[in-house]
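*Asks:* My structure is in data23.cif, and what it holds is mmCIF, N, CA and C atoms and all ligand atoms:
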```
data_coords
#
loop_
_atom_site.label_atom_id
_atom_site.label_comp_id
_atom_site.auth_asym_id
_atom_site.auth_seq_id
_atom_site.Cartn_x
_atom_site.Cartn_y
_atom_site.Cartn_z
N MET X 1 -74.96 -8.81 30.65
CA MET X 1 -75.45 -8.20 29.41
C MET X 1 -75.74 -6.73 29.66
N ALA X 2 -75.36 -5.90 28.68
CA ALA X 2 -75.62 -4.46 28.81
C ALA X 2 -77.11 -4.19 28.72
N LYS X 3 -77.53 -3.17 29.40
CA LYS X 3 -78.94 -2.78 29.32
C LYS X 3 -79.28 -2.31 27.92
N THR X 4 -80.47 -2.63 27.48
CA THR X 4 -80.98 -2.12 26.22
C THR X 4 -81.61 -0.76 26.49
N THR X 5 -81.27 0.20 25.64
CA THR X 5 -81.84 1.52 25.80
C THR X 5 -82.41 2.00 24.48
N GLY X 6 -83.32 2.96 24.56
CA GLY X 6 -83.91 3.51 23.35
C GLY X 6 -84.39 4.92 23.61
N GLN X 7 -84.70 5.61 22.53
CA GLN X 7 -85.18 6.98 22.67
C GLN X 7 -85.94 7.41 21.43
N CYS X 8 -86.70 8.48 21.57
CA CYS X 8 -87.39 9.07 20.43
C CYS X 8 -86.38 9.85 19.58
N HIS X 9 -86.83 10.39 18.46
CA HIS X 9 -85.90 11.06 17.56
C HIS X 9 -85.22 12.26 18.21
N CYS X 10 -85.95 13.06 18.96
CA CYS X 10 -85.36 14.27 19.55
C CYS X 10 -84.64 13.99 20.86
N GLY X 11 -84.84 12.79 21.42
CA GLY X 11 -84.15 12.43 22.65
C GLY X 11 -84.86 12.86 23.92
N ALA X 12 -86.01 13.52 23.80
CA ALA X 12 -86.73 13.97 25.00
C ALA X 12 -87.17 12.78 25.86
N ILE X 13 -87.57 11.70 25.17
CA ILE X 13 -88.01 10.49 25.89
C ILE X 13 -86.95 9.41 25.74
N GLN X 14 -86.52 8.89 26.86
CA GLN X 14 -85.54 7.81 26.85
C GLN X 14 -86.04 6.69 27.75
N TYR X 15 -85.69 5.46 27.38
CA TYR X 15 -86.13 4.34 28.22
C TYR X 15 -85.04 3.30 28.29
N GLU X 16 -85.18 2.41 29.24
CA GLU X 16 -84.24 1.31 29.37
C GLU X 16 -84.98 0.03 29.69
N VAL X 17 -84.35 -1.06 29.27
CA VAL X 17 -84.90 -2.40 29.48
C VAL X 17 -83.87 -3.21 30.23
N ASP X 18 -84.31 -3.81 31.31
CA ASP X 18 -83.43 -4.67 32.08
C ASP X 18 -83.98 -6.08 32.04
N GLY X 19 -83.83 -6.73 30.88
CA GLY X 19 -84.39 -8.06 30.70
C GLY X 19 -84.31 -8.44 29.24
N ASP X 20 -84.88 -9.58 28.92
CA ASP X 20 -84.78 -10.10 27.55
C ASP X 20 -85.85 -9.53 26.64
N LEU X 21 -85.43 -9.25 25.41
CA LEU X 21 -86.36 -8.84 24.37
C LEU X 21 -86.60 -10.02 23.44
N THR X 22 -87.75 -10.04 22.81
CA THR X 22 -87.98 -11.04 21.76
C THR X 22 -87.16 -10.63 20.54
N GLY X 23 -87.14 -11.50 19.52
CA GLY X 23 -86.58 -11.12 18.24
C GLY X 23 -87.50 -10.10 17.58
N VAL X 24 -87.08 -9.68 16.40
CA VAL X 24 -87.80 -8.61 15.71
C VAL X 24 -89.02 -9.17 14.97
N ILE X 25 -90.15 -8.55 15.25
CA ILE X 25 -91.43 -8.95 14.65
C ILE X 25 -91.91 -7.81 13.75
N ASN X 26 -92.09 -8.12 12.47
CA ASN X 26 -92.61 -7.11 11.54
C ASN X 26 -94.12 -7.26 11.45
N CYS X 27 -94.84 -6.19 11.75
CA CYS X 27 -96.30 -6.26 11.68
C CYS X 27 -96.80 -5.46 10.47
N HIS X 28 -97.62 -6.14 9.68
CA HIS X 28 -98.13 -5.53 8.44
C HIS X 28 -99.59 -5.13 8.55
N CYS X 29 -100.15 -5.09 9.75
CA CYS X 29 -101.58 -4.77 9.87
C CYS X 29 -101.84 -3.31 9.47
N GLY X 30 -103.08 -3.03 9.14
CA GLY X 30 -103.44 -1.70 8.68
C GLY X 30 -103.17 -0.62 9.72
N ASP X 31 -103.40 -0.93 11.00
CA ASP X 31 -103.15 0.05 12.06
C ASP X 31 -101.67 0.43 12.11
N CYS X 32 -100.81 -0.57 12.09
CA CYS X 32 -99.36 -0.29 12.17
C CYS X 32 -98.89 0.44 10.93
N ARG X 33 -99.39 0.05 9.77
CA ARG X 33 -98.92 0.69 8.54
C ARG X 33 -99.33 2.16 8.51
N ARG X 34 -100.55 2.44 8.94
CA ARG X 34 -101.00 3.82 8.92
C ARG X 34 -100.27 4.66 9.96
N TRP X 35 -100.07 4.08 11.11
CA TRP X 35 -99.46 4.83 12.22
C TRP X 35 -97.97 5.09 11.96
N HIS X 36 -97.26 4.06 11.43
CA HIS X 36 -95.82 4.20 11.24
C HIS X 36 -95.44 4.71 9.85
N GLY X 37 -96.42 4.75 8.95
CA GLY X 37 -96.10 5.12 7.58
C GLY X 37 -95.77 3.90 6.72
N HIS X 38 -95.51 2.77 7.38
CA HIS X 38 -95.29 1.52 6.67
C HIS X 38 -95.34 0.40 7.70
N HIS X 39 -95.01 -0.83 7.29
CA HIS X 39 -95.05 -1.89 8.30
C HIS X 39 -94.08 -1.56 9.44
N ALA X 40 -94.39 -2.07 10.60
CA ALA X 40 -93.62 -1.71 11.78
C ALA X 40 -92.78 -2.89 12.25
N ALA X 41 -91.64 -2.59 12.84
CA ALA X 41 -90.76 -3.62 13.39
C ALA X 41 -90.71 -3.43 14.90
N TYR X 42 -90.99 -4.53 15.60
CA TYR X 42 -91.12 -4.47 17.06
C TYR X 42 -90.30 -5.53 17.76
N ALA X 43 -90.00 -5.28 19.02
CA ALA X 43 -89.53 -6.31 19.93
C ALA X 43 -90.34 -6.15 21.22
N VAL X 44 -90.68 -7.28 21.82
CA VAL X 44 -91.56 -7.26 22.98
C VAL X 44 -90.74 -7.52 24.25
N VAL X 45 -91.06 -6.77 25.30
CA VAL X 45 -90.42 -6.97 26.60
C VAL X 45 -91.48 -6.98 27.70
N ALA X 46 -91.14 -7.55 28.82
CA ALA X 46 -92.07 -7.54 29.96
C ALA X 46 -92.14 -6.11 30.51
N LEU X 47 -93.35 -5.68 30.84
CA LEU X 47 -93.53 -4.35 31.42
C LEU X 47 -92.67 -4.18 32.67
N SER X 48 -92.51 -5.26 33.42
CA SER X 48 -91.74 -5.16 34.68
C SER X 48 -90.26 -4.92 34.43
N ASP X 49 -89.79 -5.20 33.20
CA ASP X 49 -88.37 -4.97 32.86
C ASP X 49 -88.16 -3.62 32.19
N PHE X 50 -89.21 -2.87 32.02
CA PHE X 50 -89.18 -1.65 31.21
C PHE X 50 -89.35 -0.42 32.09
N LYS X 51 -88.55 0.61 31.78
CA LYS X 51 -88.66 1.83 32.57
C LYS X 51 -88.37 3.05 31.69
N ILE X 52 -89.21 4.06 31.79
CA ILE X 52 -88.91 5.32 31.12
C ILE X 52 -87.96 6.09 32.02
N SER X 53 -86.76 6.37 31.49
CA SER X 53 -85.74 6.99 32.32
C SER X 53 -85.75 8.50 32.20
N LYS X 54 -86.38 9.01 31.14
CA LYS X 54 -86.40 10.47 30.96
C LYS X 54 -87.60 10.86 30.10
N GLY X 55 -88.22 11.96 30.44
CA GLY X 55 -89.21 12.57 29.56
C GLY X 55 -90.60 11.98 29.61
N GLU X 56 -90.97 11.36 30.71
CA GLU X 56 -92.31 10.78 30.79
C GLU X 56 -93.38 11.85 30.56
N ASP X 57 -93.08 13.09 30.92
CA ASP X 57 -94.05 14.18 30.73
C ASP X 57 -94.22 14.57 29.26
N GLN X 58 -93.29 14.09 28.39
CA GLN X 58 -93.40 14.38 26.95
C GLN X 58 -94.17 13.29 26.21
N LEU X 59 -94.49 12.24 26.94
CA LEU X 59 -95.12 11.09 26.32
C LEU X 59 -96.63 11.27 26.24
N LYS X 60 -97.18 10.96 25.09
CA LYS X 60 -98.63 10.95 24.95
C LYS X 60 -99.05 9.60 24.39
N TRP X 61 -100.22 9.14 24.82
CA TRP X 61 -100.76 7.86 24.34
C TRP X 61 -101.91 8.12 23.40
N TYR X 62 -101.92 7.39 22.31
CA TYR X 62 -103.01 7.45 21.34
C TYR X 62 -103.70 6.09 21.31
N ASP X 63 -104.99 6.07 21.54
CA ASP X 63 -105.75 4.82 21.49
C ASP X 63 -106.02 4.48 20.04
N SER X 64 -105.27 3.53 19.48
CA SER X 64 -105.41 3.23 18.06
C SER X 64 -106.47 2.16 17.81
N SER X 65 -106.84 1.44 18.82
CA SER X 65 -107.92 0.45 18.70
C SER X 65 -108.35 0.07 20.11
N ALA X 66 -109.36 -0.79 20.19
CA ALA X 66 -109.82 -1.22 21.51
C ALA X 66 -108.73 -2.02 22.24
N LYS X 67 -107.81 -2.60 21.45
CA LYS X 67 -106.80 -3.49 22.04
C LYS X 67 -105.42 -2.89 22.15
N ALA X 68 -105.23 -1.68 21.64
CA ALA X 68 -103.87 -1.15 21.65
C ALA X 68 -103.85 0.37 21.78
N ARG X 69 -102.82 0.85 22.46
CA ARG X 69 -102.54 2.28 22.45
C ARG X 69 -101.07 2.46 22.11
N ARG X 70 -100.77 3.59 21.50
CA ARG X 70 -99.42 3.82 20.99
C ARG X 70 -98.83 5.06 21.63
N GLY X 71 -97.61 4.90 22.12
CA GLY X 71 -96.95 6.00 22.80
C GLY X 71 -96.07 6.77 21.84
N PHE X 72 -96.18 8.09 21.89
CA PHE X 72 -95.35 8.90 21.00
C PHE X 72 -94.87 10.15 21.72
N CYS X 73 -93.85 10.76 21.15
CA CYS X 73 -93.24 11.96 21.73
C CYS X 73 -94.01 13.20 21.24
N THR X 74 -94.44 14.02 22.16
CA THR X 74 -95.20 15.21 21.77
C THR X 74 -94.30 16.26 21.13
N GLU X 75 -92.99 16.12 21.30
CA GLU X 75 -92.06 17.08 20.69
C GLU X 75 -91.75 16.70 19.24
N CYS X 76 -91.29 15.47 19.01
CA CYS X 76 -90.85 15.08 17.66
C CYS X 76 -91.82 14.13 16.95
N GLY X 77 -92.77 13.56 17.67
CA GLY X 77 -93.78 12.71 17.04
C GLY X 77 -93.38 11.26 16.86
N SER X 78 -92.17 10.87 17.28
CA SER X 78 -91.75 9.48 17.10
C SER X 78 -92.69 8.51 17.80
N SER X 79 -93.02 7.44 17.09
CA SER X 79 -93.82 6.37 17.68
C SER X 79 -92.87 5.37 18.30
N ILE X 80 -92.75 5.39 19.60
CA ILE X 80 -91.67 4.62 20.21
C ILE X 80 -92.11 3.30 20.83
N PHE X 81 -93.36 3.19 21.20
CA PHE X 81 -93.83 1.88 21.66
C PHE X 81 -95.35 1.78 21.58
N LYS X 82 -95.79 0.54 21.78
CA LYS X 82 -97.19 0.20 21.65
C LYS X 82 -97.54 -0.65 22.86
N ASP X 83 -98.70 -0.38 23.41
CA ASP X 83 -99.16 -1.11 24.59
C ASP X 83 -100.42 -1.86 24.20
N ASN X 84 -100.36 -3.19 24.25
CA ASN X 84 -101.53 -4.00 23.87
C ASN X 84 -102.52 -4.13 25.02
N LYS X 85 -102.33 -3.33 26.06
CA LYS X 85 -103.26 -3.26 27.20
C LYS X 85 -103.46 -4.60 27.87
N ASP X 86 -102.43 -5.45 27.81
CA ASP X 86 -102.55 -6.76 28.48
C ASP X 86 -101.96 -6.71 29.89
N GLY X 87 -101.33 -5.58 30.23
CA GLY X 87 -100.78 -5.45 31.57
C GLY X 87 -99.51 -6.25 31.80
N GLU X 88 -99.01 -6.91 30.75
CA GLU X 88 -97.85 -7.79 30.93
C GLU X 88 -96.63 -7.36 30.15
N ASN X 89 -96.88 -6.93 28.89
CA ASN X 89 -95.76 -6.63 27.99
C ASN X 89 -95.90 -5.24 27.41
N ILE X 90 -94.79 -4.75 26.87
CA ILE X 90 -94.82 -3.54 26.06
C ILE X 90 -94.07 -3.85 24.77
N VAL X 91 -94.55 -3.28 23.69
CA VAL X 91 -94.06 -3.59 22.36
C VAL X 91 -93.23 -2.39 21.87
N LEU X 92 -91.93 -2.60 21.77
CA LEU X 92 -91.04 -1.49 21.43
C LEU X 92 -90.83 -1.39 19.93
N SER X 93 -90.83 -0.19 19.39
CA SER X 93 -90.45 0.03 17.99
C SER X 93 -88.94 -0.11 17.92
N VAL X 94 -88.45 -1.11 17.19
CA VAL X 94 -87.00 -1.39 17.25
C VAL X 94 -86.16 -0.27 16.63
N GLY X 95 -86.77 0.53 15.76
CA GLY X 95 -86.03 1.66 15.19
C GLY X 95 -85.61 2.68 16.24
N ALA X 96 -86.27 2.67 17.39
CA ALA X 96 -85.95 3.63 18.46
C ALA X 96 -84.88 3.11 19.40
N LEU X 97 -84.48 1.84 19.23
CA LEU X 97 -83.44 1.27 20.10
C LEU X 97 -82.08 1.84 19.75
N ASN X 98 -81.26 2.01 20.75
CA ASN X 98 -79.88 2.38 20.51
C ASN X 98 -79.10 1.12 20.11
N THR X 99 -78.18 1.28 19.18
CA THR X 99 -77.42 0.13 18.69
C THR X 99 -76.12 -0.01 19.48
N PRO X 100 -75.55 -1.22 19.55
CA PRO X 100 -76.06 -2.46 18.97
C PRO X 100 -77.24 -3.02 19.78
N THR X 101 -78.24 -3.53 19.07
CA THR X 101 -79.40 -4.07 19.78
C THR X 101 -79.20 -5.52 20.16
N GLY X 102 -78.35 -6.23 19.40
CA GLY X 102 -78.15 -7.65 19.66
C GLY X 102 -79.33 -8.51 19.21
N LEU X 103 -80.29 -7.90 18.52
CA LEU X 103 -81.50 -8.64 18.14
C LEU X 103 -81.35 -9.30 16.78
N SER X 104 -82.16 -10.33 16.54
CA SER X 104 -82.25 -10.91 15.21
C SER X 104 -83.72 -11.01 14.81
N TYR X 105 -83.90 -11.21 13.54
CA TYR X 105 -85.25 -11.33 12.97
C TYR X 105 -85.99 -12.51 13.56
N LEU X 106 -87.25 -12.32 13.89
CA LEU X 106 -88.07 -13.43 14.40
C LEU X 106 -89.15 -13.84 13.39
N LYS X 107 -90.05 -12.90 13.06
CA LYS X 107 -91.14 -13.29 12.15
C LYS X 107 -91.89 -12.07 11.62
N ASP X 108 -92.69 -12.33 10.59
CA ASP X 108 -93.62 -11.35 10.07
C ASP X 108 -95.02 -11.76 10.49
N ILE X 109 -95.85 -10.79 10.88
CA ILE X 109 -97.22 -11.11 11.26
C ILE X 109 -98.21 -10.21 10.51
N CYS X 110 -99.44 -10.63 10.48
CA CYS X 110 -100.53 -9.89 9.81
C CYS X 110 -100.21 -9.62 8.34
N THR X 111 -99.51 -10.57 7.70
CA THR X 111 -99.13 -10.36 6.30
C THR X 111 -100.34 -10.38 5.38
N GLU X 112 -101.48 -10.90 5.88
CA GLU X 112 -102.69 -10.90 5.05
C GLU X 112 -103.18 -9.47 4.82
N SER X 113 -102.78 -8.51 5.68
CA SER X 113 -103.20 -7.13 5.46
C SER X 113 -102.07 -6.24 4.96
N LYS X 114 -101.01 -6.86 4.40
CA LYS X 114 -99.91 -6.05 3.89
C LYS X 114 -100.38 -5.18 2.72
N GLY X 115 -99.57 -4.15 2.42
CA GLY X 115 -99.90 -3.28 1.30
C GLY X 115 -99.93 -4.04 -0.01
N ASP X 116 -100.65 -3.52 -1.00
CA ASP X 116 -100.76 -4.24 -2.27
C ASP X 116 -99.63 -3.89 -3.23
N TYR X 117 -98.63 -3.16 -2.74
CA TYR X 117 -97.56 -2.67 -3.60
C TYR X 117 -96.23 -3.34 -3.34
N TYR X 118 -96.18 -4.33 -2.46
CA TYR X 118 -94.94 -5.06 -2.26
C TYR X 118 -95.21 -6.54 -2.10
N ALA X 119 -94.21 -7.32 -2.41
CA ALA X 119 -94.38 -8.78 -2.43
C ALA X 119 -94.20 -9.37 -1.05
ZN ZN X 201 -88.95 13.24 20.81
ZN ZN X 202 -99.81 -4.18 13.58
#
```
Mind turning the file's structure into structure tokens?
Ligand SMILES: [Zn+2]
Ligand SMILES: [Zn+2]

*Replies:*
Amino acid sequence: MAKTTGQCHCGAIQYEVDGDLTGVINCHCGDCRRWHGHHAAYAVVALSDFKISKGEDQLKWYDSSAKARRGFCTECGSSIFKDNKDGENIVLSVGALNTPTGLSYLKDICTESKGDYYA
């Protein structure tokens, strides 16, 4: 299987995954909606399978809650991944993946906090 790769909008930060990703998880929680501008789509991978291949010095972490921090590019502002501080996994924003991703839809979570403007 080809390696999964991804990058921020400007390309300063690039990463690769050498392992399996989960299916796509849409999160509707208030933190994700505010941070991404709307609900976020993620795939989860083991931290041990994940590597930043370029631009680690452009990466900044924002502590969005006691349980999560979000990595973004200081050049273009793309939110490219989220770390739930569990030391095991990293949560990738699937929009930053290079295609084809080979992924399929898995589930929606935190739908109880979805916006009041969509069904
Ligand atoms: Zn960037
Ligand atoms: Zn969320």

*Asks:* Report as a ChimeraX atom specification which protein, DNA and RNA residues come within 9 Å of ligand ZN 202 (chain X), using only C-alpha atoms and all ligand atoms.

*Replies:* /X:26-33,39-40,109-110

*Asks:* Can I get the selected residues back with N, CA and C atoms, as a PDB file, in the coordinates of the input?

*Replies:*
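Printed below is part_9.pdb as written:
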```
ATOM      1  N   ASN X  26     -92.090  -8.120  12.470  1.00  0.00           N
ATOM      2  CA  ASN X  26     -92.610  -7.110  11.540  1.00  0.00           C
ATOM      3  C   ASN X  26     -94.120  -7.260  11.450  1.00  0.00           C
ATOM      4  N   CYS X  27     -94.840  -6.190  11.750  1.00  0.00           N
ATOM      5  CA  CYS X  27     -96.300  -6.260  11.680  1.00  0.00           C
ATOM      6  C   CYS X  27     -96.800  -5.460  10.470  1.00  0.00           C
ATOM      7  N   HIS X  28     -97.620  -6.140   9.680  1.00  0.00           N
ATOM      8  CA  HIS X  28     -98.130  -5.530   8.440  1.00  0.00           C
ATOM      9  C   HIS X  28     -99.590  -5.130   8.550  1.00  0.00           C
ATOM     10  N   CYS X  29    -100.150  -5.090   9.750  1.00  0.00           N
ATOM     11  CA  CYS X  29    -101.580  -4.770   9.870  1.00  0.00           C
ATOM     12  C   CYS X  29    -101.840  -3.310   9.470  1.00  0.00           C
ATOM     13  N   GLY X  30    -103.080  -3.030   9.140  1.00  0.00           N
ATOM     14  CA  GLY X  30    -103.440  -1.700   8.680  1.00  0.00           C
ATOM     15  C   GLY X  30    -103.170  -0.620   9.720  1.00  0.00           C
ATOM     16  N   ASP X  31    -103.400  -0.930  11.000  1.00  0.00           N
ATOM     17  CA  ASP X  31    -103.150   0.050  12.060  1.00  0.00           C
ATOM     18  C   ASP X  31    -101.670   0.430  12.110  1.00  0.00           C
ATOM     19  N   CYS X  32    -100.810  -0.570  12.090  1.00  0.00           N
ATOM     20  CA  CYS X  32     -99.360  -0.290  12.170  1.00  0.00           C
ATOM     21  C   CYS X  32     -98.890   0.440  10.930  1.00  0.00           C
ATOM     22  N   ARG X  33     -99.390   0.050   9.770  1.00  0.00           N
ATOM     23  CA  ARG X  33     -98.920   0.690   8.540  1.00  0.00           C
ATOM     24  C   ARG X  33     -99.330   2.160   8.510  1.00  0.00           C
ATOM     25  N   HIS X  39     -95.010  -0.830   7.290  1.00  0.00           N
ATOM     26  CA  HIS X  39     -95.050  -1.890   8.300  1.00  0.00           C
ATOM     27  C   HIS X  39     -94.080  -1.560   9.440  1.00  0.00           C
ATOM     28  N   ALA X  40     -94.390  -2.070  10.600  1.00  0.00           N
ATOM     29  CA  ALA X  40     -93.620  -1.710  11.780  1.00  0.00           C
ATOM     30  C   ALA X  40     -92.780  -2.890  12.250  1.00  0.00           C
ATOM     31  N   ILE X 109     -95.850 -10.790  10.880  1.00  0.00           N
ATOM     32  CA  ILE X 109     -97.220 -11.110  11.260  1.00  0.00           C
ATOM     33  C   ILE X 109     -98.210 -10.210  10.510  1.00  0.00           C
ATOM     34  N   CYS X 110     -99.440 -10.630  10.480  1.00  0.00           N
ATOM     35  CA  CYS X 110    -100.530  -9.890   9.810  1.00  0.00           C
ATOM     36  C   CYS X 110    -100.210  -9.620   8.340  1.00  0.00           C
TER      37      CYS X 110
END
```

*Asks:* Neighbours of ligand ZN 201 (chain X) within 7 Å, counting all atoms listed in the file, as a PyMOL selection string?

*Replies:* chain X and resi 7-13+72-78

*Asks:* Enumerate the residues of chain X with a DSSP assignment of strand (DSSP E), computed from the backbone, and present them as a PyMOL selection string.

*Replies:* chain X and resi 4-7+14-17+24-27+40-46+50-54+59-65+68-73+79-83+89-93+105-109

*Asks:* As a ChimeraX atom specification, please: the residues near segment 87-99 of chain X (cut-off 10 Å, only C-alpha atoms, same-chain neighbours under 3 positions excluded).

*Replies:* /X:4-9,11,14-16,21-26,36,40-50,70-71,78-84,102-103

*Asks:* Among chain X, which ones does DSSP place in alpha helix (DSSP H), written as a list in words?

*Replies:*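 Matching residues, listed in order: Gly30, Asp31, Cys32, Arg33, Arg34, Trp35 and His36 of chain X.
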
*Asks:* Just how far from atom N of Lys114 of chain X is atom N of Ser65 of chain X, in Å to one decimal?

*Replies:*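 If I compute the distance from atom N of Ser65 of chain X to atom N of Lys114 of chain X, I get 17.6 Å.
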
*Asks:* Just checking: using only C-alpha atoms, which residue out of X:Thr101, X:Arg34, X:Gly55, X:Ala68 ends up closest to Val17 of chain X?

*Replies:*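 Nearest candidate to Val17 of chain X out of X:Thr101, X:Arg34, X:Gly55, X:Ala68: X:Thr101.
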
*Asks:* Can you work out the spacing between atom C of Asp108 of chain X and atom C of Leu59 of chain X in Å, to one decimal?

*Replies:* 27.9 Å

*Asks:* Mind pulling up the distance from atom C of Asp63 of chain X to atom N of Tyr117 of chain X?

*Replies:*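 Separating atom N of Tyr117 of chain X from atom C of Asp63 of chain X is a distance of 25.1 Å.
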